[in-house]
Amino acid sequence: SGELPSITWIGHASFAVQDGDDVFLTDPHFSKRALLPARWNPPGIPLESIPTDAFAVISHNHYDHLDTETVESLPASMKWYVPLGLGEWFADLGRDAVELDWWESTRHGAWTITCLPSQHWSSRIDQLPNRSLWCAFLLDNGERRYFFGGDTGYFHGFREFGRRFGPI
């Protein structure tokens with residue numbers, strides 16, 4: 001379609017990107033809580049508005065970025081792209097996830113999804129610290145490139161991202 005892409009903030013690190021006929025989500029979180037902390041504002045769009053052919057990227061397993069209730073509430077047909085070590089978590093919920101290592105890419109329709117290193121860590125109550133990877137993502141449909149950093153701090157990797165993938 002000839003429409004301009006749109007990016008809608010859902011809350012915290014959650015965004016819905018609509019680019020042409022494609023919709024992808026970053027660290028989707030529609031619940032009222034992230035483990036204990038309560039949401040301050042309602043989600044920027046209703047969960048029911050997410051199309052069944054949308055896909056999502058997850059940067060890491062902290063509760064404010066990976067929410068069980070949201071994953072279970074989004075269409076079961078959604079494809080998830082996650083860092084190494086989270087595939088089984090999604091499989092246990094009956095969801096289709098592709099695990100990626102840093103610098104690894106995969107395709108989803110017109111999109112090349114690349115898992116990038118980030119400066120962060122991972123942990124959940126039922127998972128020991130750093131037993132799953134954490135990451136940033138580059139999503140490229142041949143016309144536009146989107147960078148999603150998750151919770152990364154600034155580090156030397158940004159220079160490398162620009163060298164390999166710029167302009168973003």
# chains A, B, ... in the order shown; residues from 1 in each chain; ligands from 1
call {"tool": "select_by_dssp", "arguments": {"residues": "segment 5-168 of chain A", "states": "strand (DSSP E or B)", "output": "NGL selection string"}}
result
:A and (6-11 or 14-19 or 22-26 or 33 or 38 or 55-57 or 79-83 or 96-100 or 105-108 or 111-116 or 124 or 127 or 136-140 or 145-148)
call {"tool": "residues_around", "arguments": {"residues": "Leu86 of chain A", "least_positions_apart": "2", "cutoff": "12 Å", "atoms": "only C-alpha atoms", "output": "JSON, numbers by chain"}}
result
{"A": [57, 58, 59, 60, 61, 62, 66, 80, 81, 82, 83, 84, 88, 89, 90, 91, 92, 93, 95, 96, 97, 98, 99, 100, 101, 122, 123, 124, 127, 130, 131, 132, 133, 134, 135]}
call {"tool": "write_last_selection", "arguments": {"atoms": "C-alpha atoms", "output": "CSV table (one decimal), in the first residue's frame"}}
result
chain,number,residue,atom,x,y,z
A,57,VAL,CA,10.2,-9.4,18.6
A,58,ILE,CA,11.1,-9.9,22.2
A,59,SER,CA,14.4,-8.4,23.5
A,60,HIS,CA,14.7,-10.2,26.8
A,61,ASN,CA,12.8,-12.0,29.5
A,62,HIS,CA,12.2,-9.4,32.2
A,66,LEU,CA,7.9,-10.5,28.2
A,80,TRP,CA,7.6,-14.6,17.7
A,81,TYR,CA,11.3,-13.8,17.2
A,82,VAL,CA,13.2,-14.2,20.5
A,83,PRO,CA,16.7,-14.5,21.8
A,84,LEU,CA,18.3,-17.9,22.4
A,88,GLU,CA,10.9,-23.4,25.1
A,89,TRP,CA,9.1,-20.8,27.2
A,90,PHE,CA,7.0,-19.9,24.1
A,91,ALA,CA,6.4,-23.6,23.1
A,92,ASP,CA,5.1,-24.2,26.6
A,93,LEU,CA,2.4,-21.6,25.9
A,95,ARG,CA,3.2,-20.3,20.6
A,96,ASP,CA,5.5,-20.4,17.6
A,97,ALA,CA,8.8,-18.8,18.3
A,98,VAL,CA,12.1,-18.6,16.4
A,99,GLU,CA,15.2,-18.3,18.6
A,100,LEU,CA,18.0,-16.2,17.3
A,101,ASP,CA,21.6,-15.7,18.4
A,122,SER,CA,18.1,-11.6,31.6
A,123,SER,CA,16.3,-13.1,34.6
A,124,ARG,CA,12.9,-14.3,35.7
A,127,GLN,CA,14.9,-18.8,35.2
A,130,ASN,CA,21.6,-14.9,32.0
A,131,ARG,CA,20.2,-18.4,31.1
A,132,SER,CA,18.6,-16.8,28.1
A,133,LEU,CA,20.1,-14.2,25.8
A,134,TRP,CA,19.1,-10.5,25.6
A,135,CYS,CA,19.2,-8.5,22.4
call {"tool": "atom_distance", "arguments": {"atom1": "atom CA of Leu25 of chain A", "atom2": "atom CA of Leu128 of chain A"}}
result
26.3 Å
call {"tool": "atom_distance", "arguments": {"atom1": "atom CA of Trp102 of chain A", "atom2": "atom CA of Pro5 of chain A"}}
result
26.9 Å
call {"tool": "atom_distance", "arguments": {"atom1": "atom CA of Ser105 of chain A", "atom2": "atom CA of Asp140 of chain A"}}
result
10.5 Å
call {"tool": "closest_residue", "arguments": {"among": "A:Trp121, A:Tyr63, A:Phe158, A:Trp111", "to": "Ala34 of chain A", "atoms": "only C-alpha atoms"}}
result
A:Tyr63
call {"tool": "residues_around", "arguments": {"residues": "Thr52 of chain A", "least_positions_apart": "4", "cutoff": "7 Å", "atoms": "only C-alpha atoms", "output": "ChimeraX atom specification"}}
result
/A:75,77-78
call {"tool": "write_last_selection", "arguments": {"atoms": "N, CA, C and O atoms", "output": "PDB file, in the first residue's frame"}}
result
ATOM      1  N   PRO A  75      -3.100 -13.089  19.149  1.00  0.00           N
ATOM      2  CA  PRO A  75      -3.489 -14.205  18.279  1.00  0.00           C
ATOM      3  C   PRO A  75      -2.477 -15.353  18.321  1.00  0.00           C
ATOM      4  O   PRO A  75      -1.268 -15.130  18.228  1.00  0.00           O
ATOM      5  N   SER A  77      -1.827 -17.336  16.134  1.00  0.00           N
ATOM      6  CA  SER A  77      -1.175 -17.468  14.830  1.00  0.00           C
ATOM      7  C   SER A  77       0.064 -16.588  14.697  1.00  0.00           C
ATOM      8  O   SER A  77       0.818 -16.725  13.733  1.00  0.00           O
ATOM      9  N   MET A  78       0.293 -15.690  15.668  1.00  0.00           N
ATOM     10  CA  MET A  78       1.452 -14.786  15.575  1.00  0.00           C
ATOM     11  C   MET A  78       2.757 -15.559  15.635  1.00  0.00           C
ATOM     12  O   MET A  78       2.879 -16.537  16.357  1.00  0.00           O
TER      13      MET A  78
END
call {"tool": "select_by_dssp", "arguments": {"residues": "chain A", "states": "alpha helix (DSSP H)", "output": "list in words"}}
result
Thr68, Glu69, Thr70, Val71, Glu72, Ser73, Gly87, Glu88, Trp89, Phe90, Ala91, Asp92, Gly157, Phe158, Arg159, Glu160, Phe161, Gly162, Arg163, Arg164 and Phe165 of chain A
